[in-house]
file query06.pdb (PDB, C-alpha atoms)
ATOM      1  CA  MET A 201      76.789 106.144  92.052
ATOM      2  CA  PHE A 202      77.567 106.910  95.686
ATOM      3  CA  PRO A 203      79.816 104.728  97.825
ATOM      4  CA  LEU A 204      77.876 102.152  99.810
ATOM      5  CA  ILE A 205      79.356 103.519 103.024
ATOM      6  CA  PHE A 206      77.089 106.573 102.722
ATOM      7  CA  SER A 207      74.135 104.364 103.658
ATOM      8  CA  ALA A 208      75.713 104.000 107.115
ATOM      9  CA  ILE A 209      75.243 107.723 107.801
ATOM     10  CA  LYS A 210      72.172 107.932 110.025
ATOM     11  CA  ASN A 211      71.492 111.655 109.834
ATOM     12  CA  ALA A 212      69.703 112.482 106.569
ATOM     13  CA  GLN A 213      71.239 115.974 106.371
ATOM     14  CA  ASP A 214      74.739 114.561 106.851
ATOM     15  CA  ARG A 215      74.089 111.906 104.209
ATOM     16  CA  ALA A 216      72.772 114.522 101.748
ATOM     17  CA  PHE A 217      75.807 116.718 102.431
ATOM     18  CA  MET A 218      78.203 113.827 101.822
ATOM     19  CA  GLU A 219      76.424 112.885  98.593
ATOM     20  CA  GLN A 220      76.743 116.466  97.365
ATOM     21  CA  PHE A 221      80.385 116.523  98.546
ATOM     22  CA  TYR A 222      80.981 113.319  96.586
ATOM     23  CA  GLU A 223      79.478 114.797  93.430
ATOM     24  CA  GLN A 224      81.651 117.898  93.680
ATOM     25  CA  TYR A 225      85.021 116.467  94.736
ATOM     26  CA  HIS A 226      85.342 112.758  94.034
ATOM     27  CA  LYS A 227      86.892 113.246  90.576
ATOM     28  CA  LEU A 228      89.433 115.735  91.894
ATOM     29  CA  MET A 229      90.411 113.469  94.793
ATOM     30  CA  TYR A 230      90.576 110.381  92.607
ATOM     31  CA  SER A 231      92.799 112.158  90.078
ATOM     32  CA  GLN A 232      95.211 113.186  92.842
ATOM     33  CA  ILE A 233      95.360 109.637  94.185
ATOM     34  CA  ASN A 234      95.744 108.172  90.707
ATOM     35  CA  LYS A 235      98.700 110.487  90.023
ATOM     36  CA  LEU A 236     100.413 108.991  93.047
ATOM     37  CA  THR A 237      99.517 105.320  92.591
ATOM     38  CA  GLN A 238      99.218 104.761  88.837
ATOM     39  CA  ASN A 239      97.239 101.653  89.851
ATOM     40  CA  ASN A 240      93.434 101.625  89.714
ATOM     41  CA  ASP A 241      93.043  98.909  92.372
ATOM     42  CA  ASP A 242      95.201 100.803  94.850
ATOM     43  CA  ALA A 243      93.430 104.058  93.982
ATOM     44  CA  GLU A 244      90.033 102.481  94.673
ATOM     45  CA  GLU A 245      91.235 101.095  98.004
ATOM     46  CA  ILE A 246      92.625 104.473  99.001
ATOM     47  CA  MET A 247      89.394 106.221  97.966
ATOM     48  CA  GLN A 248      87.419 103.950 100.276
ATOM     49  CA  GLU A 249      89.674 104.939 103.167
ATOM     50  CA  VAL A 250      89.323 108.592 102.183
ATOM     51  CA  TRP A 251      85.537 108.393 102.389
ATOM     52  CA  ILE A 252      85.719 106.753 105.797
ATOM     53  CA  ARG A 253      87.922 109.577 107.050
ATOM     54  CA  LEU A 254      85.708 112.248 105.523
ATOM     55  CA  ILE A 255      82.516 110.770 106.943
ATOM     56  CA  GLU A 256      84.095 110.845 110.390
ATOM     57  CA  LYS A 257      84.548 114.619 109.930
ATOM     58  CA  VAL A 258      81.180 115.411 108.333
ATOM     59  CA  SER A 259      80.218 117.932 111.024
ATOM     60  CA  VAL A 260      83.498 119.800 110.475
ATOM     61  CA  LEU A 261      83.151 119.657 106.692
ATOM     62  CA  GLN A 262      79.710 121.242 106.826
ATOM     63  CA  THR A 263      81.119 124.343 108.511
ATOM     64  CA  MET A 264      83.978 124.897 106.046
ATOM     65  CA  PRO A 265      83.805 127.401 103.197
ATOM     66  CA  ARG A 266      84.125 125.951  99.700
ATOM     67  CA  GLU A 267      87.787 126.875  99.219
ATOM     68  CA  ARG A 268      88.705 125.061 102.422
ATOM     69  CA  LEU A 269      86.702 122.027 101.346
ATOM     70  CA  VAL A 270      88.747 121.813  98.161
ATOM     71  CA  ASN A 271      92.014 121.959 100.081
ATOM     72  CA  TYR A 272      90.838 119.623 102.799
ATOM     73  CA  SER A 273      89.522 116.993 100.413
ATOM     74  CA  VAL A 274      92.709 116.926  98.312
ATOM     75  CA  SER A 275      94.891 116.898 101.427
ATOM     76  CA  VAL A 276      92.970 113.976 102.901
ATOM     77  CA  ALA A 277      93.289 112.119  99.597
ATOM     78  CA  ARG A 278      97.021 112.742  99.290
ATOM     79  CA  TYR A 279      97.899 111.952 102.890
ATOM     80  CA  THR A 280      95.723 108.855 102.895
ATOM     81  CA  ALA A 281      97.657 107.711  99.831
ATOM     82  CA  TYR A 282     100.949 108.377 101.608
ATOM     83  CA  ALA A 283      99.738 106.379 104.614
ATOM     84  CA  PHE A 284      98.714 103.581 102.269
ATOM     85  CA  PHE A 285     102.213 103.473 100.766
ATOM     86  CA  ARG A 286     103.843 103.439 104.176
ATOM     87  CA  LYS A 287     101.540 100.661 105.296
ATOM     88  CA  LYS A 288     102.434  98.543 102.288
ATOM     89  CA  LYS A 289     106.135  99.361 102.606
ATOM     90  CA  ARG A 290     106.035 100.852  99.136
ATOM     91  CA  LEU A 291     107.088 104.365 100.031
ATOM     92  CA  GLU A 292     110.652 103.561  98.990
ATOM     93  CA  LEU A 293     109.432 102.837  95.458
ATOM     94  CA  ILE A 294     107.563 106.116  95.181
ATOM     95  CA  SER A 295     109.581 108.811  96.873
ATOM     96  CA  LEU A 296     107.831 111.775  98.371
ATOM     97  CA  GLU A 297     109.853 114.068  96.116
ATOM     98  CA  ASP A 298     108.570 112.235  93.021
ATOM     99  CA  CYS A 299     104.992 112.521  94.245
ATOM    100  CA  GLU A 300     105.413 116.217  94.945
ATOM    101  CA  SER A 301     107.089 116.887  91.594
ATOM    102  CA  VAL A 302     104.211 115.156  89.794
ATOM    103  CA  TRP A 303     101.754 117.147  91.897
ATOM    104  CA  TYR A 304     103.350 120.553  91.387
ATOM    105  CA  GLY A 305     104.291 119.861  87.765
ATOM    106  CA  GLN A 306     100.698 118.992  86.942
ATOM    107  CA  GLN A 307      99.460 121.922  88.993
ATOM    108  CA  ALA A 308     101.629 124.355  87.064
ATOM    109  CA  SER A 309     100.405 123.047  83.723
ATOM    110  CA  ASP A 310      96.718 122.886  84.734
ATOM    111  CA  GLY A 311      96.619 126.241  86.503
ATOM    112  CA  GLY A 312      93.064 125.607  87.659
ATOM    113  CA  LEU A 313      91.462 127.718  90.371
ATOM    114  CA  GLU A 314      91.054 124.734  92.682
ATOM    115  CA  GLU A 315      94.718 123.833  92.336
ATOM    116  CA  ILE A 316      95.776 127.384  93.106
ATOM    117  CA  LEU A 317      93.515 127.459  96.151
ATOM    118  CA  ILE A 318      94.993 124.201  97.376
ATOM    119  CA  GLN A 319      98.506 125.586  97.092
ATOM    120  CA  LYS A 320      97.419 128.733  98.935
ATOM    121  CA  MET A 321      95.855 126.712 101.769
ATOM    122  CA  GLU A 322      98.963 124.562 102.112
ATOM    123  CA  GLY A 323     101.037 127.742 102.269
ATOM    124  CA  GLU A 324      98.774 129.093 104.994
ATOM    125  CA  MET A 325      99.158 125.854 106.942
ATOM    126  CA  LEU A 326     102.942 126.051 106.649
ATOM    127  CA  TYR A 327     102.844 129.680 107.782
ATOM    128  CA  TYR A 328     100.720 128.748 110.814
ATOM    129  CA  VAL A 329     103.106 125.957 111.826
ATOM    130  CA  TRP A 330     106.122 128.190 111.152
ATOM    131  CA  THR A 331     104.809 130.910 113.480
ATOM    132  CA  HIS A 332     104.430 128.347 116.264
ATOM    133  CA  LEU A 333     108.003 127.056 115.973
ATOM    134  CA  LYS A 334     110.545 128.111 118.561
ATOM    135  CA  PRO A 335     112.434 131.236 117.436
ATOM    136  CA  ARG A 336     115.689 129.282 117.402
ATOM    137  CA  ASP A 337     114.208 126.645 115.056
ATOM    138  CA  GLN A 338     112.894 129.410 112.789
ATOM    139  CA  ALA A 339     116.302 131.068 112.741
ATOM    140  CA  LEU A 340     118.098 127.797 111.979
ATOM    141  CA  LEU A 341     115.786 126.818 109.130
ATOM    142  CA  ASN A 342     115.740 130.340 107.735
ATOM    143  CA  MET A 343     119.527 130.651 107.716
ATOM    144  CA  LYS A 344     120.072 127.195 106.224
ATOM    145  CA  TYR A 345     117.331 126.993 103.584
ATOM    146  CA  ILE A 346     116.323 130.571 102.819
ATOM    147  CA  LEU A 347     119.557 132.500 103.286
ATOM    148  CA  GLU A 348     121.676 129.448 102.358
ATOM    149  CA  TYR A 349     124.248 129.971 105.101
ATOM    150  CA  GLU A 350     126.948 127.372 105.608
ATOM    151  CA  ASN A 351     126.933 125.471 108.906
ATOM    152  CA  HIS A 352     129.944 127.377 110.257
ATOM    153  CA  GLU A 353     128.212 130.709 109.502
ATOM    154  CA  ILE A 354     125.084 129.583 111.352
ATOM    155  CA  ALA A 355     127.256 128.521 114.288
ATOM    156  CA  GLU A 356     128.804 131.996 114.427
ATOM    157  CA  VAL A 357     125.436 133.742 114.393
ATOM    158  CA  LEU A 358     123.957 131.477 117.076
ATOM    159  CA  ASP A 359     127.195 131.317 119.080
ATOM    160  CA  VAL A 360     127.309 127.504 119.165
ATOM    161  CA  LYS A 361     129.888 124.927 118.128
ATOM    162  CA  PRO A 362     129.910 124.236 114.376
ATOM    163  CA  ASP A 363     129.707 120.475 115.056
ATOM    164  CA  SER A 364     126.310 120.869 116.740
ATOM    165  CA  ILE A 365     124.591 122.598 113.807
ATOM    166  CA  ARG A 366     123.659 119.358 112.016
ATOM    167  CA  MET A 367     121.835 118.035 115.094
ATOM    168  CA  LEU A 368     120.136 121.378 115.711
ATOM    169  CA  LEU A 369     118.944 121.451 112.082
ATOM    170  CA  THR A 370     117.686 117.875 112.347
ATOM    171  CA  ARG A 371     115.654 118.750 115.440
ATOM    172  CA  ALA A 372     114.302 121.910 113.830
ATOM    173  CA  ARG A 373     113.183 119.945 110.745
ATOM    174  CA  GLN A 374     111.563 117.321 112.993
ATOM    175  CA  ASN A 375     109.692 120.022 114.917
ATOM    176  CA  LEU A 376     108.456 121.539 111.660
ATOM    177  CA  SER A 377     107.437 118.122 110.336
ATOM    178  CA  SER A 378     105.542 117.189 113.499
ATOM    179  CA  GLY A 379     103.797 120.551 113.493
ATOM    180  CA  LEU A 380     102.672 119.966 109.914
ATOM    181  CA  SER A 381     101.461 116.471 110.797
ATOM    182  CA  VAL A 382      99.402 117.828 113.686
ATOM    183  CA  ALA A 383      97.991 120.613 111.526
ATOM    184  CA  MET A 384      97.022 118.147 108.768
ATOM    185  CA  ASN A 385      95.146 115.951 111.241
ATOM    186  CA  ASN A 386      93.098 118.861 112.628
TER     187      ASN A 386
END

call {"tool": "encode", "arguments": {"input": "query06.pdb", "output": "structure tokens"}}
result
Amino acid sequence: MFPLIFSAIKNAQDRAFMEQFYEQYHKLMYSQINKLTQNNDDAEEIMQEVWIRLIEKVSVLQTMPRERLVNYSVSVARYTAYAFFRKKKRLELISLEDCESVWYGQQASDGGLEEILIQKMEGEMLYYVWTHLKPRDQALLNMKYILEYENHEIAEVLDVKPDSIRMLLTRARQNLSSGLSVAMNN
């Protein structure tokens, strides 16, 4: 049974596409939302919002290859759930780290092709955002989180005061986060 909202789509081709999209991806999206909420009422509410968002992007969805559709649909479901938690002030109860550990833990045990494609697409999105960061932000984040330099070592390399490294790292993380937010909304 298709969501009632599909009847609001005026273009018959768009409606047929969304019905086919629903048949292919609704179980996958619902399972991702249910992993995060553990509450069927909340999951249903989030799914309704997901379909509204997807219908708004039907022309974009029709041009995407299948592997991008998988990634896009799961991403919309997950980020709509996160927005739902923030809206209800429940994000503190379900930390982002817990959600991600459930997601990646389940992904590792399932090992399905769709899950692997989703992880690949998210990696590509991170790479895209990373390449558009300022070189200094890239260097800071790389030294701190990849090379695991101490703050005083980073300060020596960048020729700045050691006391300013924390603020520089905070700004670099914020720039990366905003870039990811923009990329997710496009």

call {"tool": "resolve_selection", "arguments": {"input": "query06.pdb", "expression": "the PyMOL selection byres ((chain A and resi 352) around 9)", "output": "list in words"}}
result
Tyr349, Glu350, Asn351, Glu353, Ile354, Ala355, Glu356, Val357, Lys361, Pro362, Asp363 and Ile365 of chain A

call {"tool": "closest_residue", "arguments": {"input": "query06.pdb", "among": "A:Arg278, A:Lys344, A:Arg266, A:Lys227", "to": "A:Glu249", "atoms": "all atoms listed in the file"}}
result
A:Arg278

call {"tool": "closest_residue", "arguments": {"input": "query06.pdb", "among": "A:Ser381, A:Ser259, A:Asn375, A:Gln338", "to": "A:Phe217", "atoms": "only C-alpha atoms"}}
result
A:Ser259

call {"tool": "atom_distance", "arguments": {"input": "query06.pdb", "atom1": "atom CA of A:Asn271", "atom2": "atom CA of A:Lys257"}}
result
14.4 Å

call {"tool": "resolve_selection", "arguments": {"input": "query06.pdb", "expression": "the PyMOL selection byres ((chain A and resi 234-248) around 7)", "output": "mmCIF file with C-alpha atoms, in the coordinates of the input"}}
result
data_model
loop_
_atom_site.group_PDB
_atom_site.id
_atom_site.type_symbol
_atom_site.label_atom_id
_atom_site.label_comp_id
_atom_site.auth_asym_id
_atom_site.auth_seq_id
_atom_site.Cartn_x
_atom_site.Cartn_y
_atom_site.Cartn_z
ATOM 1 C CA TYR A 230 90.576 110.381 92.607
ATOM 2 C CA SER A 231 92.799 112.158 90.078
ATOM 3 C CA GLN A 232 95.211 113.186 92.842
ATOM 4 C CA ILE A 233 95.360 109.637 94.185
ATOM 5 C CA GLU A 249 89.674 104.939 103.167
ATOM 6 C CA VAL A 250 89.323 108.592 102.183
ATOM 7 C CA TRP A 251 85.537 108.393 102.389
ATOM 8 C CA ILE A 252 85.719 106.753 105.797
ATOM 9 C CA THR A 280 95.723 108.855 102.895
ATOM 10 C CA ALA A 281 97.657 107.711 99.831
ATOM 11 C CA PHE A 284 98.714 103.581 102.269
ATOM 12 C CA CYS A 299 104.992 112.521 94.245
#

call {"tool": "closest_residue", "arguments": {"input": "query06.pdb", "among": "A:Leu380, A:Ala216, A:Leu326, A:Leu333", "to": "A:Ile255", "atoms": "all atoms listed in the file"}}
result
A:Ala216

call {"tool": "residues_near_point", "arguments": {"input": "query06.pdb", "point": "(83.5, 125.5, 97.1)", "cutoff": "10 Å", "atoms": "all atoms listed in the file", "output": "list of chain:residue names"}}
result
A:Phe221, A:Gln224, A:Tyr225, A:Met264, A:Pro265, A:Arg266, A:Glu267, A:Arg268, A:Leu269, A:Val270, A:Asn271, A:Glu314

call {"tool": "atom_distance", "arguments": {"input": "query06.pdb", "atom1": "atom CA of A:Asp359", "atom2": "atom CA of A:Gln374"}}
result
21.8 Å

call {"tool": "atom_distance", "arguments": {"input": "query06.pdb", "atom1": "atom CA of A:Val329", "atom2": "atom CA of A:Ala383"}}
result
7.4 Å

call {"tool": "closest_residue", "arguments": {"input": "query06.pdb", "among": "A:Arg336, A:Lys210, A:Arg373, A:Arg215", "to": "A:Leu358", "atoms": "all atoms listed in the file"}}
result
A:Arg336

call {"tool": "closest_residue", "arguments": {"input": "query06.pdb", "among": "A:Tyr272, A:Glu256, A:Phe285, A:Leu228", "to": "A:Ala208", "atoms": "only C-alpha atoms"}}
result
A:Glu256

call {"tool": "axis_aligned_box", "arguments": {"input": "query06.pdb", "around": "stretch 339-355 of chain A", "padding_each_side": "6 Å", "output": "AutoDock Vina command-line options"}}
result
--center_x 122.8 --center_y 129.0 --center_z 108.3 --size_x 26.2 --size_y 19.0 --size_z 23.9
